[in-house]
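**Student:** Handing over entry-v8.txt, compact mmCIF, C-alpha atoms.
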# COMPACT_ATOMS: atom_id res chain seq x y z
CA GLY T 1 -54.56 53.84 100.73
CA ALA T 2 -54.26 50.79 102.91
CA VAL T 3 -51.03 48.84 102.65
CA VAL T 4 -50.25 45.19 103.08
CA SER T 5 -46.58 44.39 103.44
CA GLN T 6 -45.32 40.94 102.55
CA HIS T 7 -41.83 39.71 103.34
CA PRO T 8 -39.60 38.41 101.90
CA SER T 9 -40.18 39.30 98.26
CA ARG T 10 -37.84 36.56 97.08
CA VAL T 11 -36.42 33.51 98.78
CA ILE T 12 -34.35 30.57 97.62
CA CYS T 13 -34.17 27.58 99.90
CA LYS T 14 -32.84 24.07 99.83
CA SER T 15 -35.14 21.12 99.45
CA GLY T 16 -36.26 19.83 102.83
CA THR T 17 -36.00 23.12 104.68
CA SER T 18 -38.85 25.35 105.85
CA VAL T 19 -39.60 28.90 104.79
CA LYS T 20 -41.71 31.48 106.60
CA ILE T 21 -43.52 34.28 104.77
CA GLU T 22 -44.95 37.23 106.68
CA CYS T 23 -47.97 39.33 105.78
CA ARG T 24 -48.68 42.54 107.69
CA SER T 25 -51.47 45.05 107.38
CA LEU T 26 -49.73 48.35 108.08
CA ASP T 27 -52.53 50.81 108.73
CA PHE T 28 -55.61 48.73 109.34
CA GLN T 29 -56.68 45.67 111.25
CA ALA T 30 -57.61 42.46 109.54
CA THR T 31 -59.34 39.65 111.39
CA THR T 32 -59.11 37.62 108.20
CA MET T 33 -56.27 37.32 105.71
CA PHE T 34 -56.04 35.16 102.62
CA TRP T 35 -53.12 33.24 101.16
CA TYR T 36 -52.90 32.59 97.43
CA ARG T 37 -50.56 30.75 95.14
CA GLN T 38 -50.07 31.80 91.54
CA PHE T 39 -48.43 29.88 88.71
CA PRO T 40 -47.17 31.69 85.59
CA LYS T 41 -50.02 32.99 83.46
CA LYS T 42 -52.54 31.37 85.78
CA SER T 43 -55.10 32.77 88.14
CA LEU T 44 -54.59 33.23 91.84
CA MET T 45 -55.54 30.03 93.63
CA LEU T 46 -56.81 30.48 97.17
CA MET T 47 -54.91 28.23 99.52
CA ALA T 48 -56.36 29.14 102.88
CA THR T 49 -58.17 31.73 104.93
CA SER T 50 -56.24 32.89 107.97
CA ASN T 51 -58.37 33.78 110.99
CA GLU T 52 -57.03 35.83 113.88
CA GLY T 53 -57.03 33.85 117.08
CA SER T 54 -58.29 30.63 115.54
CA LYS T 55 -57.34 27.92 113.09
CA ALA T 56 -56.97 28.64 109.41
CA THR T 57 -59.47 27.29 106.92
CA TYR T 58 -57.79 25.42 104.09
CA GLU T 59 -59.13 24.94 100.59
CA GLN T 60 -59.67 21.47 99.26
CA GLY T 61 -56.44 19.81 98.22
CA VAL T 62 -54.16 22.06 100.28
CA GLU T 63 -52.15 20.19 102.90
CA LYS T 64 -52.49 21.95 106.23
CA ASP T 65 -49.42 20.23 107.64
CA LYS T 66 -47.41 21.38 104.66
CA PHE T 67 -48.55 24.98 104.67
CA LEU T 68 -48.74 26.15 108.26
CA ILE T 69 -50.64 29.35 108.86
CA ASN T 70 -50.56 31.43 112.00
CA HIS T 71 -52.59 34.61 112.56
CA ALA T 72 -51.33 35.74 115.94
CA SER T 73 -52.51 39.35 115.83
CA LEU T 74 -54.90 41.61 113.95
CA THR T 75 -52.08 42.80 111.71
CA LEU T 76 -49.90 39.76 111.12
CA SER T 77 -50.37 36.41 109.42
CA THR T 78 -47.57 34.01 108.53
CA LEU T 79 -47.36 31.15 106.08
CA THR T 80 -44.69 28.53 106.65
CA VAL T 81 -43.90 26.11 103.85
CA THR T 82 -42.55 23.08 105.66
CA SER T 83 -40.14 20.54 104.19
CA ALA T 84 -40.13 22.43 100.93
CA HIS T 85 -39.73 20.61 97.64
CA PRO T 86 -39.07 21.97 94.13
CA GLU T 87 -42.76 21.57 93.27
CA ASP T 88 -43.54 24.11 96.00
CA SER T 89 -41.71 26.75 93.99
CA SER T 90 -44.26 29.39 93.13
CA PHE T 91 -45.45 32.95 93.71
CA TYR T 92 -47.28 33.28 97.04
CA ILE T 93 -49.47 36.30 97.72
CA CYS T 94 -51.41 37.37 100.78
CA SER T 95 -54.37 39.71 100.96
CA ALA T 96 -56.47 41.34 103.63
CA ARG T 97 -59.59 43.44 103.98
CA ASP T 98 -60.06 46.20 106.51
CA SER T 99 -62.12 44.72 109.33
CA ALA T 100 -63.56 48.15 110.07
CA ALA T 101 -64.92 48.56 106.54
CA ARG T 102 -68.64 48.01 106.15
CA GLY T 103 -69.87 44.89 104.47
CA VAL T 104 -67.90 41.97 103.11
CA ASN T 105 -67.74 43.06 99.49
CA THR T 106 -65.03 45.63 99.99
CA GLU T 107 -61.75 45.77 98.17
CA ALA T 108 -58.94 43.43 99.07
CA PHE T 109 -55.43 44.73 99.60
CA PHE T 110 -52.63 42.52 98.41
CA GLY T 111 -49.06 42.12 99.48
CA GLN T 112 -46.22 42.39 97.01
CA GLY T 113 -45.94 38.64 96.74
CA THR T 114 -43.11 36.22 97.53
CA ARG T 115 -41.26 34.33 94.84
CA LEU T 116 -40.21 31.02 96.39
CA THR T 117 -37.64 28.89 94.63
CA VAL T 118 -36.77 25.52 96.12
CA VAL T 119 -33.54 24.00 94.83
CA SER C 1 -68.21 23.67 88.91
CA GLN C 2 -67.79 27.42 88.76
CA LYS C 3 -65.74 28.79 85.95
CA ILE C 4 -64.41 32.26 85.16
CA GLU C 5 -63.11 33.03 81.70
CA GLN C 6 -61.04 35.96 80.59
CA ASN C 7 -59.46 36.49 77.18
CA SER C 8 -56.50 34.15 77.24
CA GLU C 9 -54.72 35.97 74.46
CA ALA C 10 -53.08 39.31 75.05
CA LEU C 11 -54.91 42.42 73.89
CA ASN C 12 -52.71 44.76 71.90
CA ILE C 13 -54.03 48.24 71.22
CA GLN C 14 -52.75 51.62 70.12
CA GLU C 15 -52.31 54.45 72.58
CA GLY C 16 -55.39 56.64 72.81
CA LYS C 17 -57.81 53.86 71.90
CA THR C 18 -60.31 52.23 74.23
CA ALA C 19 -59.37 48.83 75.62
CA THR C 20 -62.21 46.44 76.37
CA LEU C 21 -61.62 43.34 78.46
CA THR C 22 -64.16 40.59 79.03
CA CYS C 23 -64.95 38.43 82.03
CA ASN C 24 -67.48 35.61 81.62
CA TYR C 25 -68.57 33.23 84.31
CA THR C 26 -70.71 30.11 84.58
CA ASN C 27 -72.42 28.14 87.31
CA TYR C 28 -72.17 31.00 89.74
CA SER C 29 -74.26 33.97 90.82
CA PRO C 30 -71.87 36.40 92.47
CA ALA C 31 -73.12 39.21 94.65
CA TYR C 32 -70.35 41.42 93.33
CA LEU C 33 -67.48 41.52 90.90
CA GLN C 34 -64.14 43.26 91.18
CA TRP C 35 -61.38 44.17 88.75
CA TYR C 36 -57.72 44.23 89.68
CA ARG C 37 -54.53 45.23 87.92
CA GLN C 38 -51.42 43.09 88.32
CA ASP C 39 -47.94 44.03 87.17
CA PRO C 40 -45.25 41.34 86.65
CA GLY C 41 -43.91 39.99 89.92
CA ARG C 42 -46.31 42.09 92.00
CA GLY C 43 -49.54 41.56 93.90
CA PRO C 44 -52.87 42.70 92.40
CA VAL C 45 -54.12 46.23 92.95
CA PHE C 46 -57.84 46.95 93.31
CA LEU C 47 -59.47 49.04 90.60
CA LEU C 48 -63.26 48.81 90.71
CA LEU C 49 -66.08 46.94 92.41
CA ILE C 50 -69.56 46.51 90.96
CA ARG C 51 -72.49 44.90 92.72
CA GLU C 52 -75.12 42.64 91.18
CA ASN C 53 -77.75 45.38 91.30
CA GLU C 54 -75.51 47.83 89.46
CA LYS C 55 -75.24 47.98 85.68
CA GLU C 56 -72.27 50.28 85.32
CA LYS C 57 -69.52 51.88 87.40
CA ARG C 58 -67.02 54.54 86.40
CA LYS C 59 -63.79 55.81 87.85
CA GLU C 60 -61.75 58.31 85.87
CA ARG C 61 -60.81 56.55 82.59
CA LEU C 62 -62.19 53.21 83.78
CA LYS C 63 -65.66 51.83 83.26
CA VAL C 64 -67.04 48.45 84.21
CA THR C 65 -70.39 46.91 83.30
CA PHE C 66 -72.08 43.92 84.88
CA ASP C 67 -74.74 41.89 83.10
CA THR C 68 -76.03 39.18 85.41
CA THR C 69 -78.26 37.76 82.66
CA LEU C 70 -75.36 37.26 80.27
CA LYS C 71 -73.08 36.42 83.23
CA GLN C 72 -70.55 38.85 81.89
CA SER C 73 -68.58 41.90 82.92
CA LEU C 74 -66.83 44.27 80.55
CA PHE C 75 -63.94 46.44 81.65
CA HIS C 76 -63.09 49.50 79.57
CA ILE C 77 -60.06 51.77 79.68
CA THR C 78 -60.57 54.89 77.61
CA ALA C 79 -57.74 56.99 76.17
CA SER C 80 -55.36 54.16 76.93
CA GLN C 81 -51.72 54.87 77.72
CA PRO C 82 -48.59 52.67 77.63
CA ALA C 83 -48.63 52.85 81.44
CA ASP C 84 -51.91 50.93 81.37
CA SER C 85 -50.05 47.86 80.10
CA ALA C 86 -50.52 45.12 82.70
CA THR C 87 -52.55 42.02 83.44
CA TYR C 88 -56.14 42.68 84.46
CA LEU C 89 -57.94 40.21 86.68
CA CYS C 90 -61.62 39.89 87.39
CA ALA C 91 -62.72 38.42 90.69
CA LEU C 92 -66.12 37.27 91.85
CA GLY C 93 -67.38 37.02 95.39
CA GLY C 94 -70.32 36.78 97.72
CA ARG C 95 -73.07 34.26 98.38
CA GLU C 96 -71.64 30.78 98.87
CA TYR C 97 -68.13 32.19 98.74
CA GLY C 98 -68.72 34.63 101.57
CA ASN C 99 -65.76 36.96 101.85
CA LYS C 100 -63.56 34.95 99.51
CA LEU C 101 -62.67 36.06 96.00
CA VAL C 102 -62.49 33.72 93.02
CA PHE C 103 -60.17 35.01 90.32
CA GLY C 104 -60.02 34.62 86.58
CA ALA C 105 -56.65 33.95 84.94
CA GLY C 106 -56.41 37.53 83.73
CA THR C 107 -55.91 39.24 80.39
CA ILE C 108 -52.64 40.87 79.38
CA LEU C 109 -53.09 44.33 77.95
CA ARG C 110 -50.34 45.95 75.90
CA VAL C 111 -50.74 49.56 74.87
CA LYS C 112 -48.34 50.68 72.18
CA SER C 113 -47.30 54.26 71.63
Rewrite the coordinates I just gave you, this time as structure tokens.

**Tutor:**
Amino acid sequence: GAVVSQHPSRVICKSGTSVKIECRSLDFQATTMFWYRQFPKKSLMLMATSNEGSKATYEQGVEKDKFLINHASLTLSTLTVTSAHPEDSSFYICSARDSAARGVNTEAFFGQGTRLTVV
Amino acid sequence: SQKIEQNSEALNIQEGKTATLTCNYTNYSPAYLQWYRQDPGRGPVFLLLIRENEKEKRKERLKVTFDTTLKQSLFHITASQPADSATYLCALGGREYGNKLVFGAGTILRVKS
């Protein structure tokens, strides 16, 4: 099946630094990718929709200057957490759908997730 | 506002029994509903999709039903195995949400041998 690779799986950074998370679709193209944040025992909260070649669409309450998203190619989207603080510590997950698949209600493929800890 | 509810308490069942998980939603009319499995520290994995005009979908030991009148989906795992232990998430999409998915908090399933 289709694979989405997310890197790194774990990262610890100091408060005030920036962290970049990569999300790659390995065997399909994705014009749109999604970035989620998940707290323990909570649902996935959509942060933003990453659009290839254009600006990302952020959900209400998500700071676009804090969470920078770049979708430079049909197989790569990156999320950069800028000036990280301990409250940014969380599990971040990306997902993508195969652009070649028919219709919009197709399955989403998820990355392995990134556990970010800000100390 | 839209709300998706899944059993907040873990479901503990004996191996070989059928597990039934519930997903209820309010203030929303999704065009489709999906079920995902999530293991600790991992991203969700797609299991089944059911559309609003479908009542039931099956895949091997899995069965999902979709009642748009009750605004409810039931997810069944027959002949459950310890390897089925995980968190199961329902996700709704379509209509005003376009290609986005809105997730429930998930239900933890524990299958004991």

**Student:** For the point (-57.8, 46.6, 108.8) in the file's frame, write as number ranges by chain all residues with an atom no more than 8 Å away, counting all atoms listed in the file.

**Tutor:** T: 25, 27-31, 74-75, 96-101

**Student:** Would you mind exporting the chosen residues as an mmCIF file, in the frame of the given file, restricted to C-alpha atoms?

**Tutor:**
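Output contents, as saved in selection-v7.cif:
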data_model
loop_
_atom_site.group_PDB
_atom_site.id
_atom_site.type_symbol
_atom_site.label_atom_id
_atom_site.label_comp_id
_atom_site.auth_asym_id
_atom_site.auth_seq_id
_atom_site.Cartn_x
_atom_site.Cartn_y
_atom_site.Cartn_z
ATOM 1 C CA SER T 25 -51.470 45.050 107.380
ATOM 2 C CA ASP T 27 -52.530 50.810 108.730
ATOM 3 C CA PHE T 28 -55.610 48.730 109.340
ATOM 4 C CA GLN T 29 -56.680 45.670 111.250
ATOM 5 C CA ALA T 30 -57.610 42.460 109.540
ATOM 6 C CA THR T 31 -59.340 39.650 111.390
ATOM 7 C CA LEU T 74 -54.900 41.610 113.950
ATOM 8 C CA THR T 75 -52.080 42.800 111.710
ATOM 9 C CA ALA T 96 -56.470 41.340 103.630
ATOM 10 C CA ARG T 97 -59.590 43.440 103.980
ATOM 11 C CA ASP T 98 -60.060 46.200 106.510
ATOM 12 C CA SER T 99 -62.120 44.720 109.330
ATOM 13 C CA ALA T 100 -63.560 48.150 110.070
ATOM 14 C CA ALA T 101 -64.920 48.560 106.540
#

**Student:** How close does each residue of chain C get to chain T, giving the shortest atom pair and distance in Å to one decimal for every residue with an atom at most 9 Å away, counting only C-alpha atoms, sorted by chain and residue number, as a tab-separated table?

**Tutor:**
residue	atom	partner	partner_atom	distance
C:Ala31	CA	T:Asn105	CA	8.2
C:Tyr32	CA	T:Asn105	CA	6.9
C:Leu33	CA	T:Asn105	CA	8.7
C:Gln34	CA	T:Glu107	CA	7.8
C:Gly41	CA	T:Gly113	CA	7.2
C:Arg42	CA	T:Gln112	CA	5.0
C:Gly43	CA	T:Gln112	CA	4.6
C:Pro44	CA	T:Phe110	CA	6.0
C:Val45	CA	T:Phe110	CA	6.8
C:Phe46	CA	T:Glu107	CA	6.3
C:Leu47	CA	T:Glu107	CA	8.6
C:Leu48	CA	T:Glu107	CA	8.2
C:Leu49	CA	T:Glu107	CA	7.3
C:Arg51	CA	T:Asn105	CA	8.5
C:Leu89	CA	T:Ser43	CA	8.1
C:Gly93	CA	T:Asn105	CA	7.3
C:Gly94	CA	T:Asn105	CA	7.0
C:Gly98	CA	T:Val104	CA	7.5
C:Asn99	CA	T:Val104	CA	5.6
C:Lys100	CA	T:Phe34	CA	8.1
C:Leu101	CA	T:Leu46	CA	8.2
C:Val102	CA	T:Leu46	CA	7.7
C:Phe103	CA	T:Ser43	CA	6.0
C:Gly104	CA	T:Ser43	CA	5.5
C:Ala105	CA	T:Ser43	CA	3.7
C:Gly106	CA	T:Ser43	CA	6.6

**Student:** Excluding Leu70 of chain C and its own-chain neighbours fewer than 5 positions away, which residues fall within 10 Å of it when counting only C-alpha atoms? Please give them as a PyMOL selection string.

**Tutor:** chain C and resi 24-26

**Student:** Would you work out the distance separating atom CA of Cys23 of chain T from atom CA of Ala86 of chain C, expressed in Å to one decimal?

**Tutor:** 23.9 Å

**Student:** To one decimal place in Å, what is the distance between atom CA of Leu62 of chain C and atom CA of Ala83 of chain C?

**Tutor:**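 About the pair atom CA of Leu62 of chain C and atom CA of Ala83 of chain C: they are 13.8 Å apart.
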
**Student:** Cys23 of chain C: which residues within 10 Å, counting all atoms listed in the file, same-chain residues fewer than 3 positions away excluded, as a list in words?

**Tutor:**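 In the requested form, the answer reads Ile4, Glu5, Gln6, Asn7, Leu33, Trp35, Phe66, Lys71, Gln72, Ser73, Leu74, Phe75, Leu89, Cys90, Ala91, Leu92, Gly104, Ala105, Gly106 and Thr107 of chain C.
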
**Student:** Here's a test: counting all atoms listed in the file, identify every protein, DNA and RNA residue with an atom at most 6 Å from (-43.1, 22.8, 108.5) in the file's coordinate frame, and state them as a list of chain:residue names.

**Tutor:**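 Checked against the point, the hits come out as T:Ser18, T:Lys66, T:Val81, T:Thr82, T:Ser83.
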
**Student:** Write out as a PyMOL selection string the residues lying within 8 Å of segment 8-19 of chain C, counting all atoms listed in the file and excluding same-chain residues fewer than 5 positions away.

**Tutor:** chain C and resi 75-82+105-113

**Student:** Hey, what's within 7 Å of Gly53 of chain T if we count only C-alpha atoms and toss same-chain stuff fewer than 2 positions away? As a list of chain:residue names, please?

**Tutor:**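 Returned residues: T:Asn51, T:His71, T:Ala72.
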
**Student:** For atom CA of Ser89 of chain T and atom CA of Thr87 of chain C, determine how far apart the two atoms are, in Å to one decimal place.

**Tutor:**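 Interatomic distance here is 21.5 Å.
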
**Student:** So that all listed atoms of segment 57-60 of chain C fit with 6 Å spare on each side, what axis-aligned box centre and edge lengths in Å, to one decimal, would you give as JSON?

**Tutor:**
{"center_x": -65.6, "center_y": 55.1, "center_z": 86.9, "size_x": 19.8, "size_y": 18.4, "size_z": 14.0}

**Student:** For Leu79 of chain T, which residue among T:Val19, T:Ser54, T:Val119, T:Glu59 is the nearest when counting only C-alpha atoms?

**Tutor:**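 Closest residue, counting only C-alpha atoms: T:Val19.
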
**Student:** So that I can see what lies close to Glu22 of chain T, please list as a PDB file with C-alpha atoms, in the coordinates of the input the residues with an atom at most 8 Å from it, counting only C-alpha atoms and leaving out residues fewer than 6 positions away in the same chain.

**Tutor:**
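For reference, part_20.pdb as written:
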ATOM      1  CA  GLN T   6     -45.320  40.940 102.550  1.00  0.00           C
ATOM      2  CA  HIS T   7     -41.830  39.710 103.340  1.00  0.00           C
ATOM      3  CA  PRO T   8     -39.600  38.410 101.900  1.00  0.00           C
ATOM      4  CA  LEU T  76     -49.900  39.760 111.120  1.00  0.00           C
ATOM      5  CA  SER T  77     -50.370  36.410 109.420  1.00  0.00           C
ATOM      6  CA  THR T  78     -47.570  34.010 108.530  1.00  0.00           C
ATOM      7  CA  LEU T  79     -47.360  31.150 106.080  1.00  0.00           C
TER       8      LEU T  79
END

**Student:** Any chance you could model all heavy atoms for segment 9-20 of chain C and send them as a PDB file, keeping the file's coordinate frame?

**Tutor:**
ATOM      1  N   GLU C   9     -55.741  35.333  75.290  1.00  0.00           N
ATOM      2  CA  GLU C   9     -54.720  35.970  74.460  1.00  0.00           C
ATOM      3  C   GLU C   9     -54.565  37.425  74.875  1.00  0.00           C
ATOM      4  O   GLU C   9     -55.503  38.069  75.323  1.00  0.00           O
ATOM      5  CB  GLU C   9     -55.113  35.901  72.982  1.00  0.00           C
ATOM      6  CG  GLU C   9     -55.134  34.477  72.446  1.00  0.00           C
ATOM      7  CD  GLU C   9     -55.354  34.433  70.950  1.00  0.00           C
ATOM      8  OE1 GLU C   9     -55.294  35.494  70.302  1.00  0.00           O
ATOM      9  OE2 GLU C   9     -55.581  33.326  70.434  1.00  0.00           O
ATOM     10  N   ALA C  10     -53.361  37.929  74.702  1.00  0.00           N
ATOM     11  CA  ALA C  10     -53.080  39.310  75.050  1.00  0.00           C
ATOM     12  C   ALA C  10     -53.844  40.245  74.117  1.00  0.00           C
ATOM     13  O   ALA C  10     -54.099  39.934  72.956  1.00  0.00           O
ATOM     14  CB  ALA C  10     -51.587  39.582  74.950  1.00  0.00           C
ATOM     15  N   LEU C  11     -54.223  41.389  74.670  1.00  0.00           N
ATOM     16  CA  LEU C  11     -54.910  42.420  73.890  1.00  0.00           C
ATOM     17  C   LEU C  11     -53.899  43.522  73.587  1.00  0.00           C
ATOM     18  O   LEU C  11     -53.351  44.139  74.510  1.00  0.00           O
ATOM     19  CB  LEU C  11     -56.085  42.965  74.691  1.00  0.00           C
ATOM     20  CG  LEU C  11     -56.881  44.099  74.042  1.00  0.00           C
ATOM     21  CD1 LEU C  11     -57.532  43.610  72.759  1.00  0.00           C
ATOM     22  CD2 LEU C  11     -57.943  44.631  74.991  1.00  0.00           C
ATOM     23  N   ASN C  12     -53.651  43.724  72.311  1.00  0.00           N
ATOM     24  CA  ASN C  12     -52.710  44.760  71.900  1.00  0.00           C
ATOM     25  C   ASN C  12     -53.490  45.904  71.258  1.00  0.00           C
ATOM     26  O   ASN C  12     -54.230  45.685  70.297  1.00  0.00           O
ATOM     27  CB  ASN C  12     -51.717  44.202  70.870  1.00  0.00           C
ATOM     28  CG  ASN C  12     -50.856  43.112  71.456  1.00  0.00           C
ATOM     29  OD1 ASN C  12     -50.043  43.352  72.330  1.00  0.00           O
ATOM     30  ND2 ASN C  12     -51.048  41.890  70.979  1.00  0.00           N
ATOM     31  N   ILE C  13     -53.326  47.101  71.785  1.00  0.00           N
ATOM     32  CA  ILE C  13     -54.030  48.240  71.220  1.00  0.00           C
ATOM     33  C   ILE C  13     -53.087  49.431  71.112  1.00  0.00           C
ATOM     34  O   ILE C  13     -52.024  49.478  71.742  1.00  0.00           O
ATOM     35  CB  ILE C  13     -55.260  48.640  72.053  1.00  0.00           C
ATOM     36  CG1 ILE C  13     -54.851  49.126  73.434  1.00  0.00           C
ATOM     37  CG2 ILE C  13     -56.245  47.492  72.165  1.00  0.00           C
ATOM     38  CD1 ILE C  13     -55.983  49.790  74.161  1.00  0.00           C
ATOM     39  N   GLN C  14     -53.527  50.406  70.334  1.00  0.00           N
ATOM     40  CA  GLN C  14     -52.750  51.620  70.120  1.00  0.00           C
ATOM     41  C   GLN C  14     -53.092  52.642  71.197  1.00  0.00           C
ATOM     42  O   GLN C  14     -54.258  52.731  71.645  1.00  0.00           O
ATOM     43  CB  GLN C  14     -53.075  52.184  68.730  1.00  0.00           C
ATOM     44  CG  GLN C  14     -52.037  53.095  68.152  1.00  0.00           C
ATOM     45  CD  GLN C  14     -50.736  52.392  67.846  1.00  0.00           C
ATOM     46  OE1 GLN C  14     -50.699  51.224  67.497  1.00  0.00           O
ATOM     47  NE2 GLN C  14     -49.643  53.116  67.986  1.00  0.00           N
ATOM     48  N   GLU C  15     -52.102  53.395  71.589  1.00  0.00           N
ATOM     49  CA  GLU C  15     -52.310  54.450  72.580  1.00  0.00           C
ATOM     50  C   GLU C  15     -53.444  55.371  72.137  1.00  0.00           C
ATOM     51  O   GLU C  15     -53.548  55.731  70.970  1.00  0.00           O
ATOM     52  CB  GLU C  15     -51.016  55.251  72.733  1.00  0.00           C
ATOM     53  CG  GLU C  15     -51.089  56.363  73.766  1.00  0.00           C
ATOM     54  CD  GLU C  15     -49.757  57.082  73.914  1.00  0.00           C
ATOM     55  OE1 GLU C  15     -48.846  56.830  73.100  1.00  0.00           O
ATOM     56  OE2 GLU C  15     -49.626  57.887  74.857  1.00  0.00           O
ATOM     57  N   GLY C  16     -54.274  55.744  73.099  1.00  0.00           N
ATOM     58  CA  GLY C  16     -55.390  56.640  72.810  1.00  0.00           C
ATOM     59  C   GLY C  16     -56.697  55.927  72.526  1.00  0.00           C
ATOM     60  O   GLY C  16     -57.773  56.519  72.643  1.00  0.00           O
ATOM     61  N   LYS C  17     -56.600  54.630  72.177  1.00  0.00           N
ATOM     62  CA  LYS C  17     -57.810  53.860  71.900  1.00  0.00           C
ATOM     63  C   LYS C  17     -58.420  53.344  73.206  1.00  0.00           C
ATOM     64  O   LYS C  17     -57.809  53.409  74.266  1.00  0.00           O
ATOM     65  CB  LYS C  17     -57.486  52.673  70.986  1.00  0.00           C
ATOM     66  CG  LYS C  17     -56.913  53.073  69.641  1.00  0.00           C
ATOM     67  CD  LYS C  17     -57.924  53.815  68.807  1.00  0.00           C
ATOM     68  CE  LYS C  17     -57.367  54.089  67.413  1.00  0.00           C
ATOM     69  NZ  LYS C  17     -58.319  54.856  66.565  1.00  0.00           N
ATOM     70  N   THR C  18     -59.634  52.825  73.072  1.00  0.00           N
ATOM     71  CA  THR C  18     -60.310  52.230  74.230  1.00  0.00           C
ATOM     72  C   THR C  18     -60.046  50.730  74.278  1.00  0.00           C
ATOM     73  O   THR C  18     -60.264  50.033  73.292  1.00  0.00           O
ATOM     74  CB  THR C  18     -61.813  52.488  74.181  1.00  0.00           C
ATOM     75  OG1 THR C  18     -62.072  53.877  74.273  1.00  0.00           O
ATOM     76  CG2 THR C  18     -62.528  51.761  75.330  1.00  0.00           C
ATOM     77  N   ALA C  19     -59.584  50.265  75.419  1.00  0.00           N
ATOM     78  CA  ALA C  19     -59.370  48.830  75.620  1.00  0.00           C
ATOM     79  C   ALA C  19     -60.606  48.246  76.277  1.00  0.00           C
ATOM     80  O   ALA C  19     -61.137  48.831  77.228  1.00  0.00           O
ATOM     81  CB  ALA C  19     -58.156  48.593  76.502  1.00  0.00           C
ATOM     82  N   THR C  20     -61.060  47.117  75.781  1.00  0.00           N
ATOM     83  CA  THR C  20     -62.210  46.440  76.370  1.00  0.00           C
ATOM     84  C   THR C  20     -61.837  45.012  76.711  1.00  0.00           C
ATOM     85  O   THR C  20     -61.438  44.238  75.836  1.00  0.00           O
ATOM     86  CB  THR C  20     -63.410  46.439  75.399  1.00  0.00           C
ATOM     87  OG1 THR C  20     -63.800  47.778  75.126  1.00  0.00           O
ATOM     88  CG2 THR C  20     -64.597  45.702  76.024  1.00  0.00           C
TER      89      THR C  20
END
